[in-house]
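The structure appears right after this line, and notes come after that.
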Amino acid sequence: MLRPHKNLCSFIYGLNHHQFLHLMRSASTYQHNHINHGANGNLRKKDENEEAHLYFYKSRGQHILTNQRILDSIVRKSAILPTDTVLEIGPGTGNLTLKLLEASQKVIAVEIDKRMVEVLHKRVVEHQLEDRICVICQDALKCEFPHFDLVVANIPYGISSPLVAKLVYGTIPFRSATLLLQKEFARRLLADPGDSEYNRLAVNVKLVADVEHVMDVSKRDFVPCPKVDSSVVLIRPKKEVPEVNLEEWRAFTRTCFGKKNKTLGATFKQKRKLMDLMHSNSMEGFNSFRETVIQVLKSGDFEDKRPVKLCNEELLHLLALFNQSGIYFHNRSDLQDAERSVLADAYSSEQE
C-alpha cells in the first residue's frame, strides 16, 4: 500500500494529515468513505488519487488550510456579496476557492505554482464553476491585479509583508481584505503604540487602513503542519487618508524605526545618520544642520520621545515640522516619479 511522505497533499474535504494517514492504512475505511457515497464520493476519490502525490514545499509557504469550519468562518467573516469579485492570492488546490465561488460572482485566483493551478482547474471544472473563475499563474508581487471588490486569502508566509503593502498602497480601491497570516506577523500588524510588537509595519499600514483581529487558527489545521499558529485579520482601507507623500512617509518611518526603542534625540544625533540626511537634502555645514534637526525635535517636544510610543498623528506632526524646516527624508528629485506600489519593500527589511 502507498505510504505518502508527510508533506504530500492530503487535505481534500477537511482531512488533516493524521486523518489521511489513518485512512490510507485502512483500505476498507477509505472505500467506505470515498467510494460508496455516489457521485460526490466519486469526486472525492478522484481528488484524493490525483493529489496524494502532490508535494507541498514549506519553503514556499505552501501550507493548505484543511479545517472546513475555519474555511466557512473565513468566508462568512468576509461578508461577500453575490455581486462581488474576490481576489484570492495563493489558492493552492482550491479548498477556500470553491467556497468563495459559491458566495461570489467571480474569483480571481493568483497562483505561481503550475502544479497547483492544474489541480485547482480540475476541481473547479468538476464542480462546474469554471465560468466564474480567472486563474492568473504569475507571481502575485509582480503581476498587475485586475479590478476586484475584496480580498480573501491564505497568504504564503514568505510574501506577507510586501503583499500587504501592495494591497493597501495599491491603486485599486477595495472594500476589505480578509487574510490568514502567521500569528506573529498578525500581532505586529495589529500592534498599537506602546506595545512591544509595535513597529514600522503597523505604522505604515495603519496610515491608510484599519486592522481588526478575527480569530486564531491552530497549526494543526494545515497540511503540511507549519511550526507556528496563524491568525485571520480583516483590513479595511480608510475612506480618508492623511495628505502626505507616501514615499516621504516611508523614508521617514524607516529612519525613526531603525531603532524604535531609542529616543529620537539619540537617533538624530548619530553622525552618520545626520551626514546621510544632510547630503540627501543637498545642504552644507554639519554643525548648523545638526542644530536645525535638534531644534525641530525640541520645538515639538520630541527629543526625549521614542518611536515605539508614538501614534501616527504624532509622527505626521514631526514629519511636517521637518519638512517645514526644509528637511526631507526621501530624495526630493524622485518624489514625483515614484510609484506607490513600490512601498512593498518598506516592510520586508525592518519589522522590529
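In the C-alpha cells, the first chain shown is A, the next is B, and so on; residue numbers restart at 1 for each chain, and ligands run from 1 in the order shown.
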
| said: List the spatial neighbours of region 239-245 of chain A as a ChimeraX atom specification - criterion: any atom at most 7 Å away, only C-alpha atoms, same-chain residues fewer than 2 positions off excluded. | reply: /A:207-208,237,247-249

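In the backbone-derived DSSP annotation, strand (DSSP E) within region 78-121 of chain A comprises Thr85, Val86, Leu87, Glu88, Ile89, Lys106, Val107, Ile108, Ala109 and Val110 of chain A.
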
| request: Fewer than 2 positions away in the same chain doesn't count, so skip those; otherwise give me all residues within 10 Å of Val117 (chain A), counting only C-alpha atoms, as number ranges by chain. | output: A: 90-94, 109-115, 119-123, 135-137

Using N, CA and C atoms, can you export the residues from the last selection as a PDB file, in the first residue's frame?
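selection.pdb was written with the following content:
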```pdb
ATOM      1  N   GLY A  90      -2.657  32.895  -3.760  1.00  0.00           N
ATOM      2  CA  GLY A  90      -2.195  31.623  -3.240  1.00  0.00           C
ATOM      3  C   GLY A  90      -3.319  30.656  -2.959  1.00  0.00           C
ATOM      4  N   PRO A  91      -4.172  30.354  -3.937  1.00  0.00           N
ATOM      5  CA  PRO A  91      -5.308  29.457  -3.701  1.00  0.00           C
ATOM      6  C   PRO A  91      -4.914  28.007  -3.473  1.00  0.00           C
ATOM      7  N   GLY A  92      -3.678  27.663  -3.826  1.00  0.00           N
ATOM      8  CA  GLY A  92      -3.273  26.265  -3.667  1.00  0.00           C
ATOM      9  C   GLY A  92      -4.143  25.372  -4.510  1.00  0.00           C
ATOM     10  N   THR A  93      -4.741  24.367  -3.894  1.00  0.00           N
ATOM     11  CA  THR A  93      -5.566  23.411  -4.636  1.00  0.00           C
ATOM     12  C   THR A  93      -7.056  23.678  -4.519  1.00  0.00           C
ATOM     13  N   GLY A  94      -7.419  24.796  -3.909  1.00  0.00           N
ATOM     14  CA  GLY A  94      -8.804  25.246  -4.028  1.00  0.00           C
ATOM     15  C   GLY A  94      -9.745  24.995  -2.881  1.00  0.00           C
ATOM     16  N   ALA A 109      -7.989  34.187  -9.029  1.00  0.00           N
ATOM     17  CA  ALA A 109      -7.038  33.417  -8.234  1.00  0.00           C
ATOM     18  C   ALA A 109      -5.636  33.580  -8.817  1.00  0.00           C
ATOM     19  N   VAL A 110      -4.710  34.063  -7.994  1.00  0.00           N
ATOM     20  CA  VAL A 110      -3.327  34.267  -8.427  1.00  0.00           C
ATOM     21  C   VAL A 110      -2.463  33.197  -7.780  1.00  0.00           C
ATOM     22  N   GLU A 111      -1.910  32.321  -8.608  1.00  0.00           N
ATOM     23  CA  GLU A 111      -1.130  31.181  -8.112  1.00  0.00           C
ATOM     24  C   GLU A 111       0.108  31.000  -8.992  1.00  0.00           C
ATOM     25  N   ILE A 112       1.282  30.984  -8.375  1.00  0.00           N
ATOM     26  CA  ILE A 112       2.529  30.895  -9.127  1.00  0.00           C
ATOM     27  C   ILE A 112       2.916  29.451  -9.455  1.00  0.00           C
ATOM     28  N   ASP A 113       2.406  28.491  -8.695  1.00  0.00           N
ATOM     29  CA  ASP A 113       2.776  27.081  -8.859  1.00  0.00           C
ATOM     30  C   ASP A 113       1.859  26.412  -9.891  1.00  0.00           C
ATOM     31  N   LYS A 114       2.429  26.025 -11.034  1.00  0.00           N
ATOM     32  CA  LYS A 114       1.629  25.437 -12.106  1.00  0.00           C
ATOM     33  C   LYS A 114       0.982  24.118 -11.687  1.00  0.00           C
ATOM     34  N   ARG A 115       1.631  23.385 -10.792  1.00  0.00           N
ATOM     35  CA  ARG A 115       1.041  22.129 -10.320  1.00  0.00           C
ATOM     36  C   ARG A 115      -0.262  22.392  -9.582  1.00  0.00           C
ATOM     37  N   VAL A 119      -4.380  21.285 -10.526  1.00  0.00           N
ATOM     38  CA  VAL A 119      -5.325  20.651  -9.605  1.00  0.00           C
ATOM     39  C   VAL A 119      -6.529  21.546  -9.375  1.00  0.00           C
ATOM     40  N   LEU A 120      -6.279  22.855  -9.197  1.00  0.00           N
ATOM     41  CA  LEU A 120      -7.375  23.803  -8.992  1.00  0.00           C
ATOM     42  C   LEU A 120      -8.323  23.796 -10.182  1.00  0.00           C
ATOM     43  N   HIS A 121      -7.766  23.779 -11.391  1.00  0.00           N
ATOM     44  CA  HIS A 121      -8.598  23.784 -12.592  1.00  0.00           C
ATOM     45  C   HIS A 121      -9.496  22.546 -12.646  1.00  0.00           C
ATOM     46  N   LYS A 122      -8.924  21.398 -12.347  1.00  0.00           N
ATOM     47  CA  LYS A 122      -9.719  20.164 -12.383  1.00  0.00           C
ATOM     48  C   LYS A 122     -10.854  20.201 -11.359  1.00  0.00           C
ATOM     49  N   ARG A 123     -10.564  20.689 -10.178  1.00  0.00           N
ATOM     50  CA  ARG A 123     -11.609  20.727  -9.145  1.00  0.00           C
ATOM     51  C   ARG A 123     -12.733  21.677  -9.525  1.00  0.00           C
ATOM     52  N   VAL A 135      -7.906  32.389 -13.405  1.00  0.00           N
ATOM     53  CA  VAL A 135      -6.675  31.977 -12.742  1.00  0.00           C
ATOM     54  C   VAL A 135      -5.494  32.660 -13.414  1.00  0.00           C
ATOM     55  N   ILE A 136      -4.706  33.358 -12.622  1.00  0.00           N
ATOM     56  CA  ILE A 136      -3.508  34.034 -13.103  1.00  0.00           C
ATOM     57  C   ILE A 136      -2.295  33.291 -12.556  1.00  0.00           C
ATOM     58  N   CYS A 137      -1.563  32.608 -13.419  1.00  0.00           N
ATOM     59  CA  CYS A 137      -0.402  31.828 -12.997  1.00  0.00           C
ATOM     60  C   CYS A 137       0.843  32.704 -13.074  1.00  0.00           C
TER      61      CYS A 137
END
```

| request: Could you give me the residues within region 80-224 of chain A that DSSP places in alpha helix (DSSP H), as a ChimeraX atom specification? | output: /A:95-103,114-126,160-168,183-190,200-208

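Of note, CA of Phe286 (chain A) and CA of Gln270 (chain A) are spaced 11.9 Å apart.
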
| Counting only C-alpha atoms, what is within 8 Å of region 227-233 of chain A, bar same-chain residues fewer than 2 positions away, as a PyMOL selection string? | chain A and resi 74+178-184+186+211-219+225+235

Please produce a file of those selected residues containing N, CA, C and O atoms, as a tab-separated table (two decimals), in the first residue's frame.
```tsv
chain	number	residue	atom	x	y	z
A	74	ILE	N	-14.09	31.97	7.63
A	74	ILE	CA	-13.39	33.00	6.87
A	74	ILE	C	-14.30	33.60	5.81
A	74	ILE	O	-14.37	34.83	5.63
A	178	THR	N	-9.58	40.00	3.89
A	178	THR	CA	-9.58	39.01	4.97
A	178	THR	C	-8.41	38.08	4.71
A	178	THR	O	-8.42	37.31	3.76
A	179	LEU	N	-7.40	38.16	5.57
A	179	LEU	CA	-6.14	37.46	5.31
A	179	LEU	C	-5.79	36.51	6.44
A	179	LEU	O	-5.89	36.86	7.63
A	180	LEU	N	-5.38	35.32	6.06
A	180	LEU	CA	-4.87	34.33	7.01
A	180	LEU	C	-3.36	34.46	7.02
A	180	LEU	O	-2.70	34.19	6.01
A	181	LEU	N	-2.80	34.87	8.17
A	181	LEU	CA	-1.39	35.19	8.27
A	181	LEU	C	-0.73	34.44	9.41
A	181	LEU	O	-1.41	33.95	10.32
A	182	GLN	N	0.58	34.37	9.39
A	182	GLN	CA	1.31	33.83	10.51
A	182	GLN	C	0.96	34.66	11.75
A	182	GLN	O	0.91	35.89	11.70
A	183	LYS	N	0.73	33.99	12.86
A	183	LYS	CA	0.22	34.67	14.06
A	183	LYS	C	1.15	35.80	14.52
A	183	LYS	O	0.69	36.89	14.89
A	184	GLU	N	2.44	35.54	14.52
A	184	GLU	CA	3.39	36.57	14.96
A	184	GLU	C	3.34	37.78	14.05
A	184	GLU	O	3.40	38.93	14.51
A	186	ALA	N	0.72	38.73	12.27
A	186	ALA	CA	-0.55	39.38	12.53
A	186	ALA	C	-0.48	40.25	13.78
A	186	ALA	O	-1.05	41.35	13.82
A	211	VAL	N	-7.17	47.80	10.93
A	211	VAL	CA	-6.88	46.37	11.01
A	211	VAL	C	-7.60	45.78	12.22
A	211	VAL	O	-7.54	46.32	13.32
A	212	GLU	N	-8.28	44.66	11.99
A	212	GLU	CA	-9.07	44.01	13.05
A	212	GLU	C	-8.71	42.53	13.15
A	212	GLU	O	-8.57	41.85	12.13
A	213	HIS	N	-8.56	42.05	14.37
A	213	HIS	CA	-8.31	40.61	14.59
A	213	HIS	C	-9.63	39.86	14.50
A	213	HIS	O	-10.62	40.24	15.12
A	214	VAL	N	-9.65	38.77	13.74
A	214	VAL	CA	-10.88	37.99	13.56
A	214	VAL	C	-10.84	36.72	14.41
A	214	VAL	O	-11.74	36.47	15.21
A	215	MET	N	-9.79	35.92	14.25
A	215	MET	CA	-9.68	34.68	15.02
A	215	MET	C	-8.29	34.09	14.84
A	215	MET	O	-7.56	34.43	13.91
A	216	ASP	N	-7.93	33.20	15.76
A	216	ASP	CA	-6.69	32.45	15.66
A	216	ASP	C	-6.97	31.08	15.04
A	216	ASP	O	-8.08	30.54	15.19
A	217	VAL	N	-5.98	30.52	14.37
A	217	VAL	CA	-6.11	29.22	13.71
A	217	VAL	C	-4.93	28.35	14.11
A	217	VAL	O	-3.77	28.77	13.98
A	218	SER	N	-5.21	27.16	14.60
A	218	SER	CA	-4.16	26.25	15.05
A	218	SER	C	-3.32	25.76	13.88
A	218	SER	O	-3.84	25.54	12.77
A	219	LYS	N	-2.05	25.55	14.13
A	219	LYS	CA	-1.17	24.99	13.10
A	219	LYS	C	-1.60	23.59	12.69
A	219	LYS	O	-1.28	23.12	11.59
A	225	CYS	N	1.90	20.63	8.35
A	225	CYS	CA	1.76	21.40	9.57
A	225	CYS	C	2.92	22.39	9.71
A	225	CYS	O	4.07	21.98	9.75
A	235	ILE	N	-8.63	43.71	7.08
A	235	ILE	CA	-8.07	45.02	6.77
A	235	ILE	C	-9.09	45.81	5.95
A	235	ILE	O	-9.54	45.34	4.91
```

| task | Excluding region 166-168 of chain A and residues on its chain fewer than 2 positions from it, collect all residues at most 10 Å away from it, counting only C-alpha atoms, and give them as a ChimeraX atom specification. | result | /A:140-142,145,151,160-164,170-174,176-177,204-209,235-238,340-345

Pull N, CA and C atoms from the residues just selected and write them as a tab-separated table (two decimals), in the first residue's frame.
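Okay, again_24.tsv is ready:
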```
chain	number	residue	atom	x	y	z
A	140	ALA	N	2.43	36.95	-7.50
A	140	ALA	CA	1.48	37.95	-7.01
A	140	ALA	C	2.15	39.29	-6.72
A	141	LEU	N	3.44	39.27	-6.42
A	141	LEU	CA	4.15	40.52	-6.14
A	141	LEU	C	4.51	41.29	-7.40
A	142	LYS	N	4.53	40.59	-8.54
A	142	LYS	CA	4.98	41.22	-9.79
A	142	LYS	C	3.84	41.48	-10.77
A	145	PHE	N	-2.89	43.31	-10.74
A	145	PHE	CA	-4.19	42.74	-10.40
A	145	PHE	C	-5.30	43.40	-11.23
A	151	VAL	N	-10.54	41.10	-0.96
A	151	VAL	CA	-9.52	40.07	-0.97
A	151	VAL	C	-9.83	39.06	0.13
A	160	SER	N	4.17	37.81	2.99
A	160	SER	CA	3.15	38.55	3.74
A	160	SER	C	3.40	40.05	3.75
A	161	SER	N	4.62	40.45	4.09
A	161	SER	CA	4.93	41.89	4.22
A	161	SER	C	4.75	42.64	2.91
A	162	PRO	N	5.44	42.27	1.85
A	162	PRO	CA	5.29	43.04	0.61
A	162	PRO	C	3.90	42.93	0.01
A	163	LEU	N	3.22	41.82	0.24
A	163	LEU	CA	1.89	41.66	-0.33
A	163	LEU	C	0.87	42.56	0.37
A	164	VAL	N	0.94	42.63	1.68
A	164	VAL	CA	0.05	43.54	2.41
A	164	VAL	C	0.30	44.98	1.96
A	170	GLY	N	-1.86	50.06	-3.01
A	170	GLY	CA	-2.10	49.92	-4.44
A	170	GLY	C	-3.10	50.93	-4.96
A	171	THR	N	-3.30	50.93	-6.26
A	171	THR	CA	-4.18	51.90	-6.91
A	171	THR	C	-5.61	51.40	-7.07
A	172	ILE	N	-5.85	50.11	-6.80
A	172	ILE	CA	-7.20	49.56	-6.96
A	172	ILE	C	-7.95	49.68	-5.63
A	173	PRO	N	-9.04	50.43	-5.60
A	173	PRO	CA	-9.82	50.52	-4.36
A	173	PRO	C	-10.56	49.22	-4.09
A	174	PHE	N	-10.60	48.81	-2.82
A	174	PHE	CA	-11.33	47.59	-2.46
A	174	PHE	C	-11.97	47.77	-1.09
A	176	SER	N	-12.46	45.39	1.51
A	176	SER	CA	-11.79	44.78	2.66
A	176	SER	C	-10.87	43.66	2.18
A	177	ALA	N	-9.97	43.26	3.08
A	177	ALA	CA	-9.08	42.12	2.82
A	177	ALA	C	-9.10	41.23	4.06
A	204	ASN	N	2.92	51.97	9.05
A	204	ASN	CA	2.67	52.23	7.63
A	204	ASN	C	1.31	51.73	7.17
A	205	VAL	N	0.91	50.56	7.64
A	205	VAL	CA	-0.39	50.02	7.24
A	205	VAL	C	-1.53	50.84	7.84
A	206	LYS	N	-1.40	51.20	9.12
A	206	LYS	CA	-2.48	51.92	9.79
A	206	LYS	C	-2.60	53.37	9.35
A	207	LEU	N	-1.65	53.84	8.58
A	207	LEU	CA	-1.80	55.17	7.99
A	207	LEU	C	-2.95	55.18	7.00
A	208	VAL	N	-3.15	54.05	6.30
A	208	VAL	CA	-4.12	54.01	5.22
A	208	VAL	C	-5.25	53.00	5.44
A	209	ALA	N	-5.19	52.22	6.53
A	209	ALA	CA	-6.21	51.18	6.72
A	209	ALA	C	-6.42	50.89	8.21
A	235	ILE	N	-8.63	43.71	7.08
A	235	ILE	CA	-8.07	45.02	6.77
A	235	ILE	C	-9.09	45.81	5.95
A	236	ARG	N	-9.43	47.00	6.44
A	236	ARG	CA	-10.38	47.87	5.74
A	236	ARG	C	-9.69	49.19	5.39
A	237	PRO	N	-9.51	49.48	4.10
A	237	PRO	CA	-8.91	50.77	3.71
A	237	PRO	C	-9.72	51.94	4.26
A	238	LYS	N	-9.02	52.96	4.73
A	238	LYS	CA	-9.69	54.15	5.27
A	238	LYS	C	-10.27	54.98	4.13
A	340	ARG	N	3.48	54.36	-6.03
A	340	ARG	CA	3.10	53.98	-4.68
A	340	ARG	C	3.27	52.48	-4.43
A	341	SER	N	3.17	51.70	-5.48
A	341	SER	CA	3.24	50.25	-5.28
A	341	SER	C	4.62	49.78	-4.83
A	342	VAL	N	5.67	50.57	-5.04
A	342	VAL	CA	7.00	50.13	-4.64
A	342	VAL	C	7.17	50.18	-3.14
A	343	LEU	N	6.13	50.61	-2.41
A	343	LEU	CA	6.21	50.61	-0.95
A	343	LEU	C	6.27	49.20	-0.39
A	344	ALA	N	6.13	48.21	-1.25
A	344	ALA	CA	6.18	46.83	-0.76
A	344	ALA	C	7.47	46.53	-0.02
A	345	ASP	N	8.58	47.11	-0.48
A	345	ASP	CA	9.84	46.80	0.19
A	345	ASP	C	9.99	47.50	1.52
```

| query | Which distance in Å separates CA of Ser325 (chain A) and CA of Met275 (chain A), to one decimal? | reply |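 Pair CA of Ser325 (chain A) / CA of Met275 (chain A) returns 16.7 Å.
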
| said: So the first atom is CA of Thr83 (chain A) and the second is CA of Gln105 (chain A); what is the distance between them in Å, to one decimal place? | reply: 5.0 Å

| query | Looking at A:Lys273, A:Val86, A:Ala191, A:Lys262, which one is nearest to Arg132 (chain A), with distances taken over only C-alpha atoms? | reply | A:Val86

| query | Between A:Tyr169, A:Ile89, A:Glu314, A:Glu102, which has the minimum distance to Asp139 (chain A) (counting only C-alpha atoms)? | reply | A:Ile89

| message | Taking 6 positions as the minimum chain separation for residues in the same chain, which residues sit within 10 Å of Lys305 (chain A) when counting only C-alpha atoms? Answer as an MDAnalysis selection string. | response | chainID A and resid 261:266 297
